[in-house]
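K.L.:
Sending over a structure as C-alpha cells; questions will come in a sec.
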Amino acid sequence: MHAPRTRVQRRPVHGVLLLDKPLGLSSNDALQKAKWLLRAEKAGHTGTLDPLASGVLPLCFGAATKFSQLQLDAVKTYAATLRLGARTSTGDAEGDLLDERPVDADAVQARLAEVVRRFTGPIEQIPPMHSALKKDGRALYEYAREGIEIERAPRAVEIYELKAALAQEKPGLLAIKIIVKCSKGTYIRTLGEDMGEALGCGGHLSMLRRIATGHFGLDQAVTLADLEAMDEARRLACLLPVEALLPDHARVTLVGEDAGRFLSGVRRRGHWADAPQVAVFGAQPPALLGTAHIKSGELIPGRLLSPIEIQQILESTPPAANAAPGIEKATV
C-alpha cells in the first residue's frame, strides 16, 4: 500500500523569486515545484522558457502577480550555441534531423560580421511551428506534432545587441557562440536557424540559456536544488519584495488619509510632474499601495494592492526592511 500523501498547508506569500530554471523542466512545472516548496497560495511565472532552455525565470507570488506583465514585456538577454551544418525540425536539439551540410570554417568566419549586422536592429521573424502561439484555439506545436503546417505571418521584433563568435563545440563540430539582447516575442531558435541559413550551412541551437530579463540577472537567481536544501525561513528570505518589479517607476509617498483614499481608487492631486509609471507608497508604515500615472497634477490609480495583501506583507517583513529609501513624499 502507498503511504497517504501529506497535505501541504498553503499560506499567503508575496514577492518575487528569481529562479534559475533547470534543463528538462517546463516553466509551469518549475513554478509548481517552487510554489509547493514555499507553500504559497497564489503564483504565476513571467513568460515561458522551453524545457531545453535554462536560466532566469522570475516567479511572482501573491500581490506580485498583479505586476507580472511588466516582466513579460521586459528586454531579455540570452546565451546560445548554434551548432552549424545540421537543421532540425524544431530548430533545437530536440527535433528530428532534416539535413546536413558541410561547414567551411573560413567561409563562415568571413561572413559572420555581415550576418551579425544583418540580424541586429528591427527584424522580422516567422514564428516556428513548435511554439505556443494559437491558431483556432490550438497551439501551433499541436499541429506540428500531427504533421500539419500552418501559414504564419512574419512578426516584427528587435535585436538590440548581437555578439557572435566561431567556436568548436566538440571535435569536428563547429558552432557559433551567441549573446543576444532582444525585445519580447523574439524566438532565439528562429534567429539561430536564420543565421545558419545566412552563413550558408544551416544550423540548430544546441544550448539556450536566459541570462537576464529586464534588470534581473543570473547572479540573483536560485536553483530548485538550492531551495530544496533550505529550511523554510531561508526559502522565504530568497523572495524579493513586490516593488522589485517596479524599478523604472517614479516613486510617490502619500501620507494620512490620502493613502487610504488612493487605495480605494480615488485620484489625488499634488505638485507632481507628469509621469507614465509611478509606484505609490504609504508613509506610516512604509508599504507599497500600487501603481499609478500622473497627468496634470493628478495621481491616477492603476493596479492596487488590497488592504489584506498590504497587511500580510507588513506582518512578514522585518521592521528594518520596511524602510523605503529615496521615495518622494507627496505634496497634497
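The way I read the labels, and the way they are meant: chains A, B, ... in the order of the C-alpha cells, residue 1 as the first residue of every chain, and ligand 1 as the first ligand shown, with later ones counted on from there.
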In stretch 139-265 of chain A, what's strand (DSSP E) per DSSP? Answer as a VMD selection string?
P.N.:
chain A and resid 139 155 to 170 173 to 182 203 to 213 216 to 217 250 to 254
K.L.:
Would you please extract all alpha helix (DSSP H) residues from stretch 17-197 of chain A, as assigned by DSSP on the backbone, and give them as a ChimeraX atom specification?
P.N.:
/A:27-38,69-72,105-118,140-145,188-197
K.L.:
Please save C-alpha atoms of the selected residues as a PDB file, in the first residue's frame.
P.N.:
ATOM      1  CA  SER A  27       8.272  26.723 -16.852  1.00  0.00           C
ATOM      2  CA  ASN A  28       4.963  25.656 -15.314  1.00  0.00           C
ATOM      3  CA  ASP A  29       6.490  22.564 -13.704  1.00  0.00           C
ATOM      4  CA  ALA A  30       9.246  24.741 -12.231  1.00  0.00           C
ATOM      5  CA  LEU A  31       6.624  27.188 -10.947  1.00  0.00           C
ATOM      6  CA  GLN A  32       4.567  24.446  -9.308  1.00  0.00           C
ATOM      7  CA  LYS A  33       7.660  22.999  -7.627  1.00  0.00           C
ATOM      8  CA  ALA A  34       8.670  26.392  -6.204  1.00  0.00           C
ATOM      9  CA  LYS A  35       5.083  27.094  -5.164  1.00  0.00           C
ATOM     10  CA  TRP A  36       4.999  23.786  -3.278  1.00  0.00           C
ATOM     11  CA  LEU A  37       8.336  24.468  -1.574  1.00  0.00           C
ATOM     12  CA  LEU A  38       7.114  27.900  -0.403  1.00  0.00           C
ATOM     13  CA  GLN A  69       3.071  41.762 -17.192  1.00  0.00           C
ATOM     14  CA  LEU A  70       5.974  44.169 -16.703  1.00  0.00           C
ATOM     15  CA  GLN A  71       8.410  41.257 -16.869  1.00  0.00           C
ATOM     16  CA  LEU A  72       6.610  39.731 -19.843  1.00  0.00           C
ATOM     17  CA  ALA A 105      35.155  27.429 -41.237  1.00  0.00           C
ATOM     18  CA  ASP A 106      36.952  30.070 -43.289  1.00  0.00           C
ATOM     19  CA  ALA A 107      33.782  30.923 -45.233  1.00  0.00           C
ATOM     20  CA  VAL A 108      31.742  31.157 -42.022  1.00  0.00           C
ATOM     21  CA  GLN A 109      34.341  33.415 -40.412  1.00  0.00           C
ATOM     22  CA  ALA A 110      34.391  35.673 -43.474  1.00  0.00           C
ATOM     23  CA  ARG A 111      30.588  36.072 -43.448  1.00  0.00           C
ATOM     24  CA  LEU A 112      29.976  36.250 -39.717  1.00  0.00           C
ATOM     25  CA  ALA A 113      30.375  40.007 -39.160  1.00  0.00           C
ATOM     26  CA  GLU A 114      27.988  40.806 -42.006  1.00  0.00           C
ATOM     27  CA  VAL A 115      25.437  38.270 -40.728  1.00  0.00           C
ATOM     28  CA  VAL A 116      25.595  39.864 -37.266  1.00  0.00           C
ATOM     29  CA  ARG A 117      24.927  43.304 -38.794  1.00  0.00           C
ATOM     30  CA  ARG A 118      22.047  41.894 -40.841  1.00  0.00           C
ATOM     31  CA  LEU A 140       0.970  25.578 -33.155  1.00  0.00           C
ATOM     32  CA  TYR A 141       3.055  22.781 -31.654  1.00  0.00           C
ATOM     33  CA  GLU A 142      -0.096  20.623 -31.533  1.00  0.00           C
ATOM     34  CA  TYR A 143      -0.473  20.974 -35.300  1.00  0.00           C
ATOM     35  CA  ALA A 144       3.262  20.323 -35.742  1.00  0.00           C
ATOM     36  CA  ARG A 145       3.006  17.039 -33.838  1.00  0.00           C
ATOM     37  CA  ILE A 188      16.079  32.611 -30.413  1.00  0.00           C
ATOM     38  CA  ARG A 189      15.676  29.253 -32.170  1.00  0.00           C
ATOM     39  CA  THR A 190      14.409  31.065 -35.242  1.00  0.00           C
ATOM     40  CA  LEU A 191      17.220  33.609 -35.020  1.00  0.00           C
ATOM     41  CA  GLY A 192      19.720  30.743 -34.903  1.00  0.00           C
ATOM     42  CA  GLU A 193      18.142  28.980 -37.876  1.00  0.00           C
ATOM     43  CA  ASP A 194      18.067  32.199 -39.918  1.00  0.00           C
ATOM     44  CA  MET A 195      21.682  32.968 -39.082  1.00  0.00           C
ATOM     45  CA  GLY A 196      22.671  29.432 -40.078  1.00  0.00           C
ATOM     46  CA  GLU A 197      20.991  29.841 -43.466  1.00  0.00           C
TER      47      GLU A 197
END
K.L.:
Which one of A:Pro22, A:Gly95, A:Pro102, A:Gly214 sits closest to A:Thr46 if you count only C-alpha atoms?
P.N.:
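Smallest distance to A:Thr46 is found for A:Gly214.
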K.L.:
Could you pull the residues within 12 Å of stretch 266-280 of chain A, counting only C-alpha atoms, minus those fewer than 5 positions along the same chain, as an mmCIF file with N, CA and C atoms, in the first residue's frame?
P.N.:
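Output file result.cif follows:
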data_model
loop_
_atom_site.group_PDB
_atom_site.id
_atom_site.type_symbol
_atom_site.label_atom_id
_atom_site.label_comp_id
_atom_site.auth_asym_id
_atom_site.auth_seq_id
_atom_site.Cartn_x
_atom_site.Cartn_y
_atom_site.Cartn_z
ATOM 1 N N PHE A 67 1.669 42.516 -11.161
ATOM 2 C CA PHE A 67 2.610 43.301 -11.956
ATOM 3 C C PHE A 67 3.492 42.414 -12.844
ATOM 4 N N LEU A 70 4.794 43.325 -16.500
ATOM 5 C CA LEU A 70 5.974 44.169 -16.703
ATOM 6 C C LEU A 70 7.189 43.334 -17.084
ATOM 7 N N VAL A 242 7.721 42.904 -3.608
ATOM 8 C CA VAL A 242 6.879 43.136 -4.786
ATOM 9 C C VAL A 242 7.391 44.311 -5.610
ATOM 10 N N GLU A 243 7.853 45.382 -4.945
ATOM 11 C CA GLU A 243 8.294 46.581 -5.668
ATOM 12 C C GLU A 243 9.565 46.351 -6.474
ATOM 13 N N ALA A 244 10.201 45.186 -6.328
ATOM 14 C CA ALA A 244 11.346 44.868 -7.175
ATOM 15 C C ALA A 244 10.947 44.787 -8.643
ATOM 16 N N LEU A 245 9.661 44.606 -8.912
ATOM 17 C CA LEU A 245 9.159 44.575 -10.283
ATOM 18 C C LEU A 245 8.973 45.973 -10.869
ATOM 19 N N LEU A 246 9.195 47.023 -10.054
ATOM 20 C CA LEU A 246 8.894 48.390 -10.471
ATOM 21 C C LEU A 246 10.122 49.295 -10.434
ATOM 22 N N PRO A 247 11.270 48.872 -10.929
ATOM 23 C CA PRO A 247 12.499 49.665 -10.762
ATOM 24 C C PRO A 247 12.499 50.963 -11.549
ATOM 25 N N ASP A 248 11.770 51.006 -12.651
ATOM 26 C CA ASP A 248 11.770 52.191 -13.505
ATOM 27 C C ASP A 248 10.600 53.127 -13.225
ATOM 28 N N HIS A 249 9.843 52.839 -12.186
ATOM 29 C CA HIS A 249 8.714 53.685 -11.832
ATOM 30 C C HIS A 249 9.171 54.856 -10.959
ATOM 31 N N ALA A 250 8.630 56.041 -11.241
ATOM 32 C CA ALA A 250 8.803 57.150 -10.308
ATOM 33 C C ALA A 250 8.122 56.768 -8.995
ATOM 34 N N ARG A 251 8.575 57.360 -7.902
ATOM 35 C CA ARG A 251 8.042 56.968 -6.597
ATOM 36 C C ARG A 251 7.396 58.152 -5.893
ATOM 37 N N VAL A 252 6.233 57.900 -5.357
ATOM 38 C CA VAL A 252 5.488 58.907 -4.597
ATOM 39 C C VAL A 252 5.021 58.263 -3.300
ATOM 40 N N THR A 253 5.137 59.001 -2.214
ATOM 41 C CA THR A 253 4.614 58.536 -0.925
ATOM 42 C C THR A 253 3.437 59.416 -0.512
ATOM 43 N N LEU A 254 2.339 58.798 -0.143
ATOM 44 C CA LEU A 254 1.158 59.513 0.328
ATOM 45 C C LEU A 254 1.069 59.411 1.849
ATOM 46 N N VAL A 255 0.611 60.471 2.479
ATOM 47 C CA VAL A 255 0.510 60.498 3.938
ATOM 48 C C VAL A 255 -0.946 60.618 4.355
ATOM 49 N N GLU A 257 -4.794 60.373 5.290
ATOM 50 C CA GLU A 257 -5.971 59.807 4.635
ATOM 51 C C GLU A 257 -5.807 59.729 3.121
ATOM 52 N N ASP A 258 -4.828 60.448 2.559
ATOM 53 C CA ASP A 258 -4.626 60.364 1.117
ATOM 54 C C ASP A 258 -4.224 58.954 0.684
ATOM 55 N N ALA A 259 -3.461 58.271 1.534
ATOM 56 C CA ALA A 259 -3.076 56.895 1.225
ATOM 57 C C ALA A 259 -4.310 55.998 1.164
ATOM 58 N N GLY A 260 -5.217 56.150 2.146
ATOM 59 C CA GLY A 260 -6.430 55.345 2.168
ATOM 60 C C GLY A 260 -7.345 55.640 0.996
ATOM 61 N N ARG A 261 -7.463 56.914 0.644
ATOM 62 C CA ARG A 261 -8.328 57.277 -0.480
ATOM 63 C C ARG A 261 -7.754 56.733 -1.797
ATOM 64 N N PRO A 286 5.741 52.305 6.029
ATOM 65 C CA PRO A 286 6.078 52.313 4.606
ATOM 66 C C PRO A 286 5.585 51.039 3.943
ATOM 67 N N ALA A 287 4.775 51.174 2.911
ATOM 68 C CA ALA A 287 4.215 49.994 2.248
ATOM 69 C C ALA A 287 3.795 50.367 0.829
ATOM 70 N N LEU A 288 4.051 49.471 -0.094
ATOM 71 C CA LEU A 288 3.592 49.662 -1.465
ATOM 72 C C LEU A 288 2.075 49.573 -1.506
ATOM 73 N N LEU A 289 1.446 50.584 -2.120
ATOM 74 C CA LEU A 289 -0.009 50.591 -2.273
ATOM 75 C C LEU A 289 -0.423 50.130 -3.666
ATOM 76 N N GLY A 290 0.409 50.422 -4.666
ATOM 77 C CA GLY A 290 0.061 50.052 -6.033
ATOM 78 C C GLY A 290 0.777 50.943 -7.028
ATOM 79 N N THR A 291 0.299 50.918 -8.262
ATOM 80 C CA THR A 291 0.884 51.734 -9.324
ATOM 81 C C THR A 291 -0.118 52.791 -9.775
ATOM 82 N N ALA A 292 0.411 53.779 -10.502
ATOM 83 C CA ALA A 292 -0.425 54.881 -10.981
ATOM 84 C C ALA A 292 0.305 55.572 -12.119
ATOM 85 N N HIS A 293 -0.347 56.593 -12.672
ATOM 86 C CA HIS A 293 0.352 57.542 -13.546
ATOM 87 C C HIS A 293 -0.092 58.945 -13.159
ATOM 88 N N ILE A 294 0.740 59.914 -13.487
ATOM 89 C CA ILE A 294 0.456 61.304 -13.120
ATOM 90 C C ILE A 294 0.220 62.109 -14.390
ATOM 91 N N LYS A 295 -0.891 62.840 -14.395
ATOM 92 C CA LYS A 295 -1.212 63.721 -15.520
ATOM 93 C C LYS A 295 -1.828 65.001 -14.980
ATOM 94 N N SER A 296 -1.221 66.124 -15.339
ATOM 95 C CA SER A 296 -1.717 67.441 -14.927
ATOM 96 C C SER A 296 -1.918 67.532 -13.418
ATOM 97 N N GLY A 297 -0.953 67.007 -12.664
ATOM 98 C CA GLY A 297 -1.005 67.105 -11.210
ATOM 99 C C GLY A 297 -1.919 66.115 -10.539
ATOM 100 N N GLU A 298 -2.523 65.188 -11.298
ATOM 101 C CA GLU A 298 -3.393 64.173 -10.722
ATOM 102 C C GLU A 298 -2.683 62.829 -10.686
ATOM 103 N N LEU A 299 -2.729 62.180 -9.536
ATOM 104 C CA LEU A 299 -2.201 60.824 -9.359
ATOM 105 C C LEU A 299 -3.357 59.865 -9.609
ATOM 106 N N ILE A 300 -3.294 59.144 -10.721
ATOM 107 C CA ILE A 300 -4.419 58.328 -11.177
ATOM 108 C C ILE A 300 -4.105 56.855 -10.909
ATOM 109 N N PRO A 301 -4.891 56.181 -10.053
ATOM 110 C CA PRO A 301 -4.588 54.801 -9.671
ATOM 111 C C PRO A 301 -4.575 53.839 -10.861
ATOM 112 N N GLY A 302 -3.700 52.840 -10.756
ATOM 113 C CA GLY A 302 -3.625 51.767 -11.753
ATOM 114 C C GLY A 302 -3.929 50.440 -11.072
ATOM 115 N N ARG A 303 -2.912 49.573 -10.931
ATOM 116 C CA ARG A 303 -3.077 48.305 -10.217
ATOM 117 C C ARG A 303 -2.835 48.530 -8.738
ATOM 118 N N LEU A 304 -3.786 48.118 -7.912
ATOM 119 C CA LEU A 304 -3.717 48.376 -6.477
ATOM 120 C C LEU A 304 -3.629 47.082 -5.680
ATOM 121 N N LEU A 305 -2.864 47.127 -4.592
ATOM 122 C CA LEU A 305 -2.877 46.022 -3.650
ATOM 123 C C LEU A 305 -4.112 46.146 -2.772
ATOM 124 N N ALA A 324 11.653 52.585 3.012
ATOM 125 C CA ALA A 324 11.630 52.744 1.546
ATOM 126 C C ALA A 324 12.446 53.952 1.184
ATOM 127 N N ILE A 327 12.190 57.670 -1.572
ATOM 128 C CA ILE A 327 10.833 57.869 -2.058
ATOM 129 C C ILE A 327 10.448 59.327 -1.899
ATOM 130 N N GLU A 328 9.881 59.854 -2.954
ATOM 131 C CA GLU A 328 9.472 61.260 -2.932
ATOM 132 C C GLU A 328 8.172 61.392 -2.182
ATOM 133 N N LYS A 329 8.150 62.218 -1.164
ATOM 134 C CA LYS A 329 6.900 62.413 -0.413
ATOM 135 C C LYS A 329 5.943 63.331 -1.178
ATOM 136 N N ALA A 330 4.686 63.006 -1.062
ATOM 137 C CA ALA A 330 3.681 63.750 -1.794
ATOM 138 C C ALA A 330 3.436 65.118 -1.166
ATOM 139 N N THR A 331 3.141 66.083 -2.012
ATOM 140 C CA THR A 331 2.678 67.396 -1.534
ATOM 141 C C THR A 331 1.204 67.492 -1.893
ATOM 142 N N VAL A 332 0.370 67.492 -0.882
ATOM 143 C CA VAL A 332 -1.075 67.485 -1.151
ATOM 144 C C VAL A 332 -1.749 68.637 -0.432
#
K.L.:
Any idea what the distance is between atom CA of A:Leu52 and atom CA of A:Arg209?
P.N.:
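One can read the atom CA of A:Leu52 to atom CA of A:Arg209 distance as 8.9 Å.
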K.L.:
Looking at A:Arg235, A:Lys21, A:Arg155, A:Arg83, which one is nearest to A:Leu57, with distances taken over only C-alpha atoms?
P.N.:
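For A:Leu57, the nearest of the given residues is A:Lys21.
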K.L.:
Of the candidates A:Gly47, A:Gly91, A:Gly24, A:Gly62, which shows the shortest atom-to-atom distance to A:Ile308, using only C-alpha atoms?
P.N.:
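Closest to A:Ile308, using only C-alpha atoms: A:Gly62.
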K.L.:
Quick one, how far is atom CA of A:Phe216 from atom CA of A:Ala139?
P.N.:
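Atom-to-atom, atom CA of A:Phe216 and atom CA of A:Ala139 are spaced 29.1 Å apart.
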K.L.:
If you measure from atom CA of A:Pro122 to atom CA of A:Glu161, what distance in Å do you get, rounded to one decimal?
P.N.:
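So the answer is 10.8 Å.
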K.L.:
Looking at A:Gln125, A:Gln168, A:Thr77, A:Thr223, which one is nearest to A:Leu23, with distances taken over only C-alpha atoms?
P.N.:
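Among A:Gln125, A:Gln168, A:Thr77, A:Thr223, it is A:Thr223 that comes nearest to A:Leu23.
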K.L.:
Go through A:Val157, A:Cys60, A:Leu17, A:Ala43 one by one, measure the shortest atom-to-atom distance of each to A:Lys184 using only C-alpha atoms, and give the residue with the smallest value.
P.N.:
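The answer is A:Val157, which sits nearest to A:Lys184.
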K.L.:
Skipping near chain neighbours, those fewer than 5 positions away, what residues fall within 6 Å of stretch 172-179 of chain A using only C-alpha atoms, listed as a ChimeraX atom specification?
P.N.:
/A:78-84,162-167
K.L.:
Please produce an output containing N, CA and C atoms for each residue in the selection, written as a PDB file, in the first residue's frame.
P.N.:
ATOM      1  N   TYR A  78      20.042  36.466 -23.826  1.00  0.00           N
ATOM      2  CA  TYR A  78      20.268  35.022 -23.902  1.00  0.00           C
ATOM      3  C   TYR A  78      21.704  34.726 -24.317  1.00  0.00           C
ATOM      4  N   ALA A  79      22.203  33.599 -23.846  1.00  0.00           N
ATOM      5  CA  ALA A  79      23.425  32.994 -24.374  1.00  0.00           C
ATOM      6  C   ALA A  79      23.002  31.717 -25.086  1.00  0.00           C
ATOM      7  N   ALA A  80      23.507  31.506 -26.283  1.00  0.00           N
ATOM      8  CA  ALA A  80      23.105  30.337 -27.070  1.00  0.00           C
ATOM      9  C   ALA A  80      24.290  29.793 -27.840  1.00  0.00           C
ATOM     10  N   THR A  81      24.196  28.514 -28.184  1.00  0.00           N
ATOM     11  CA  THR A  81      25.166  27.872 -29.062  1.00  0.00           C
ATOM     12  C   THR A  81      24.440  27.387 -30.308  1.00  0.00           C
ATOM     13  N   LEU A  82      24.896  27.855 -31.462  1.00  0.00           N
ATOM     14  CA  LEU A  82      24.318  27.458 -32.748  1.00  0.00           C
ATOM     15  C   LEU A  82      25.245  26.425 -33.379  1.00  0.00           C
ATOM     16  N   ARG A  83      24.823  25.169 -33.372  1.00  0.00           N
ATOM     17  CA  ARG A  83      25.617  24.120 -33.995  1.00  0.00           C
ATOM     18  C   ARG A  83      25.427  24.194 -35.506  1.00  0.00           C
ATOM     19  N   LEU A  84      26.510  24.315 -36.233  1.00  0.00           N
ATOM     20  CA  LEU A  84      26.462  24.525 -37.676  1.00  0.00           C
ATOM     21  C   LEU A  84      26.403  23.206 -38.448  1.00  0.00           C
ATOM     22  N   LEU A 162      23.795  41.980 -30.592  1.00  0.00           N
ATOM     23  CA  LEU A 162      24.084  40.613 -31.018  1.00  0.00           C
ATOM     24  C   LEU A 162      25.593  40.433 -31.121  1.00  0.00           C
ATOM     25  N   LYS A 163      26.100  39.479 -30.370  1.00  0.00           N
ATOM     26  CA  LYS A 163      27.508  39.132 -30.436  1.00  0.00           C
ATOM     27  C   LYS A 163      27.611  37.669 -30.861  1.00  0.00           C
ATOM     28  N   ALA A 164      28.556  37.369 -31.747  1.00  0.00           N
ATOM     29  CA  ALA A 164      28.700  36.002 -32.234  1.00  0.00           C
ATOM     30  C   ALA A 164      30.169  35.709 -32.508  1.00  0.00           C
ATOM     31  N   ALA A 165      30.597  34.501 -32.158  1.00  0.00           N
ATOM     32  CA  ALA A 165      31.991  34.097 -32.377  1.00  0.00           C
ATOM     33  C   ALA A 165      32.032  32.627 -32.771  1.00  0.00           C
ATOM     34  N   LEU A 166      32.870  32.308 -33.745  1.00  0.00           N
ATOM     35  CA  LEU A 166      33.040  30.929 -34.194  1.00  0.00           C
ATOM     36  C   LEU A 166      33.750  30.130 -33.101  1.00  0.00           C
ATOM     37  N   ALA A 167      33.269  28.914 -32.866  1.00  0.00           N
ATOM     38  CA  ALA A 167      33.847  28.071 -31.823  1.00  0.00           C
ATOM     39  C   ALA A 167      33.745  26.613 -32.241  1.00  0.00           C
TER      40      ALA A 167
END
K.L.:
Just checking: using only C-alpha atoms, which residue out of A:Leu49, A:Ala229, A:Leu224, A:Ala63 ends up closest to A:Pro307?
P.N.:
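Looking only at the distances to A:Pro307, the closest residue turns out to be A:Ala63.
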